[in-house]
Amino acid sequence: MFHSKFARTGIAAAAAVSVLALAACGGSGGGDGDSDLISVGFSQLGAESGWRTANTESVKASLTEENGIALTFVDAQQKQENQIKALRDFIAQDVDVIAFSPVIETGWDEVLQEIKDAEIPVVLVDRTVDTTVEDPFATWIGADFRLEGEMAGEWVKENHPDAKIFELQGTLGSGAQVDRQEGFGAVVGAENIIGQATGNFTRAEGKTATEAALQAYPDLNLIFAHNDDMGLGAIEAIEAAGKVPGKDIILVTVDGVRDGLQALHDGKFNFVVECNPVFGDQIVELIKKVHAGEEVAKETIVVDQTFDQTITQETIDARLF
Ligand code: AHR
C-alpha cells in the first residue's frame, strides 16, 4: 500500500456553489468540447478564517476565463461530506482538472480512487491528505505547516523559555493542525504545554476555548494559536477575564492576515508566523501544466516570513490580505 505524507504528508442543507464559468462557449468538460478553456472543479473547504477568505479571493481572481480556466467553485462549509459530494459532482461533470483543499487529512480513499478511475488529474491545494490510494494527486501546493510550528516554537523558546503554554489548535485532523502541533511541540518540549483544545480555526470557537482554558489553567501565561482568528477570539476572552493580552498572556499566532498584524502592532499579539494565502496565480500555472501532461514538481512550498511587534503600520497597510 502506498502512503505519502501528502499521504500523511465536506451537505449542510446545500453547499454554497458558485458556477463561475462552467462549460462556457459550448462546454469544456472532458477537454473535448469546442472551448479552449480548461474546466476546473475547485472544492474549497470553507470560509472559516481571514486566511480562507483571502485564499478564495486569490483563487477566484486567478482561475478566470481570461486565464484560460472555466471554474466551478464549491464551498464545503468545513464539512468533509460536502467536499466528497462536490468531488463526485466534478467527476459527473467530467471536468478536466479537479483542485481541492481537504478539510482533514483522512477519509478520502474512496473518492480519490473514483477520481483516479475517471482519469481526472488532481491539484491538491493548501492542506494535505493521508491516503492508501497510490499516486493520488498530480501536484500539491501549500505552506510548510511543520516549519510554521517550529518557527513559533523557536520564538517562544528564546523569549519565554519558562512559559506555561496553552495550545489553541486548528481543526483536529487537518494537515495544518497536525503539522503545526508537531513542529511547535518538537521545539518547545511537550512538558511546557499545559493544555490543548481546538478552536476549529474560527474566532468564535477560539474565544470559547480560551474562556474554558482560563478557568482550567489559571497559571497559563502564553497561548500558541494555530491561526490569527482564534488568537483574536482569545484576546476577547482574555480581556473579558480582566487580563491584558500581550502582557499577562503572551499570544503567538499563525497566518499574518491584516487583523492579526494589527493586533501585533497594537501590542496584543507578540509574534506572528505568516501563512501566505495568495497563490492563485501559481495554481493556474500548475493546472495548465498538469492538463497539458507536462512534468510538474510533486510539491510547491509557499514561503512564509515572521513578524514581531516592531512591525510598522505601513507594512500592515501594504498587505494583500
Ligand atoms: O490551511 C491553512 C489554515 O486554514 C490557515 O492557517 C487557517 O487560518 C485556515 O483556516
# chains A, B, ... in the order shown; residues from 1 in each chain; ligands from 1
call {"tool": "residues_near_ligand", "arguments": {"ligand": "ligand 1", "cutoff": "8 Å", "atoms": "only C-alpha atoms and all ligand atoms", "output": "JSON, numbers by chain"}}
result
{"A": [47, 48, 49, 50, 51, 52, 126, 127, 143, 170, 174, 175, 176, 200, 201, 202, 226, 227, 228, 229, 254, 255, 275, 277]}
call {"tool": "residues_around", "arguments": {"residues": "Asp75 (chain A)", "least_positions_apart": "2", "cutoff": "6 Å", "atoms": "only C-alpha atoms", "output": "count of residues only"}}
result
5
call {"tool": "closest_residue", "arguments": {"among": "A:Leu168, A:Leu112, A:Ala240, A:Ile249", "to": "Glu134 (chain A)", "atoms": "only C-alpha atoms"}}
result
A:Leu112
call {"tool": "closest_atom_pairs", "arguments": {"of": "region 125-183 of chain A", "to": "region 113-120 of chain A", "cutoff": "12 Å", "atoms": "only C-alpha atoms", "output": "JSON lines"}}
result
{"residue": "A:Thr131", "atom": "CA", "partner": "A:Gln113", "partner_atom": "CA", "distance": 9.9}
{"residue": "A:Thr132", "atom": "CA", "partner": "A:Gln113", "partner_atom": "CA", "distance": 9.5}
{"residue": "A:Val133", "atom": "CA", "partner": "A:Gln113", "partner_atom": "CA", "distance": 6.4}
{"residue": "A:Glu134", "atom": "CA", "partner": "A:Gln113", "partner_atom": "CA", "distance": 8.7}
{"residue": "A:Asp135", "atom": "CA", "partner": "A:Lys116", "partner_atom": "CA", "distance": 8.9}
{"residue": "A:Pro136", "atom": "CA", "partner": "A:Lys116", "partner_atom": "CA", "distance": 7.2}
{"residue": "A:Phe137", "atom": "CA", "partner": "A:Lys116", "partner_atom": "CA", "distance": 8.6}
{"residue": "A:Ala138", "atom": "CA", "partner": "A:Ile120", "partner_atom": "CA", "distance": 9.7}
call {"tool": "closest_residue", "arguments": {"among": "A:Glu148, A:Asp248, A:Glu294, A:Asp259", "to": "Leu232 (chain A)", "atoms": "only C-alpha atoms"}}
result
A:Asp259
call {"tool": "residues_around", "arguments": {"residues": "Val123 (chain A)", "least_positions_apart": "3", "cutoff": "8 Å", "atoms": "only C-alpha atoms", "output": "PyMOL selection string"}}
result
chain A and resi 97-100+137-141+286-287
call {"tool": "residues_around", "arguments": {"residues": "Phe166 (chain A)", "least_positions_apart": "6", "cutoff": "8 Å", "atoms": "only C-alpha atoms", "output": "PyMOL selection string"}}
result
chain A and resi 193-196+213+220-224
call {"tool": "select_by_dssp", "arguments": {"residues": "region 150-182 of chain A", "states": "strand (DSSP E or B)", "output": "PyMOL selection string"}}
result
chain A and resi 165-169
call {"tool": "write_last_selection", "arguments": {"atoms": "N, CA and C atoms", "output": "PDB file, in the first residue's frame"}}
result
ATOM      1  N   ILE A 165       2.318  27.055  28.662  1.00  0.00           N
ATOM      2  CA  ILE A 165       1.713  27.241  27.339  1.00  0.00           C
ATOM      3  C   ILE A 165       0.382  26.508  27.187  1.00  0.00           C
ATOM      4  N   PHE A 166      -0.595  27.237  26.624  1.00  0.00           N
ATOM      5  CA  PHE A 166      -1.849  26.617  26.187  1.00  0.00           C
ATOM      6  C   PHE A 166      -1.863  26.688  24.658  1.00  0.00           C
ATOM      7  N   GLU A 167      -2.153  25.538  24.039  1.00  0.00           N
ATOM      8  CA  GLU A 167      -2.150  25.479  22.570  1.00  0.00           C
ATOM      9  C   GLU A 167      -3.577  25.456  22.031  1.00  0.00           C
ATOM     10  N   LEU A 168      -3.906  26.483  21.275  1.00  0.00           N
ATOM     11  CA  LEU A 168      -5.237  26.632  20.676  1.00  0.00           C
ATOM     12  C   LEU A 168      -5.138  26.087  19.253  1.00  0.00           C
ATOM     13  N   GLN A 169      -5.637  24.870  19.093  1.00  0.00           N
ATOM     14  CA  GLN A 169      -5.381  24.141  17.853  1.00  0.00           C
ATOM     15  C   GLN A 169      -6.453  24.363  16.779  1.00  0.00           C
TER      16      GLN A 169
END
call {"tool": "select_by_dssp", "arguments": {"residues": "region 75-148 of chain A", "states": "alpha helix (DSSP H)", "output": "list in words"}}
result
Gln80, Glu81, Asn82, Gln83, Ile84, Lys85, Ala86, Leu87, Arg88, Asp89, Phe90, Ile91, Ala92, Gln93, Asp109, Glu110, Val111, Leu112, Gln113, Glu114, Ile115, Lys116, Asp117, Phe145, Arg146, Leu147 and Glu148 of chain A
call {"tool": "closest_residue", "arguments": {"among": "A:Arg146, A:Lys207, A:Lys164, A:His291", "to": "Ala186 (chain A)", "atoms": "only C-alpha atoms"}}
result
A:Arg146
call {"tool": "atom_distance", "arguments": {"atom1": "CA of Ile104 (chain A)", "atom2": "CA of Leu63 (chain A)"}}
result
23.9 Å
call {"tool": "atom_distance", "arguments": {"atom1": "CA of Trp155 (chain A)", "atom2": "CA of Gly256 (chain A)"}}
result
15.5 Å
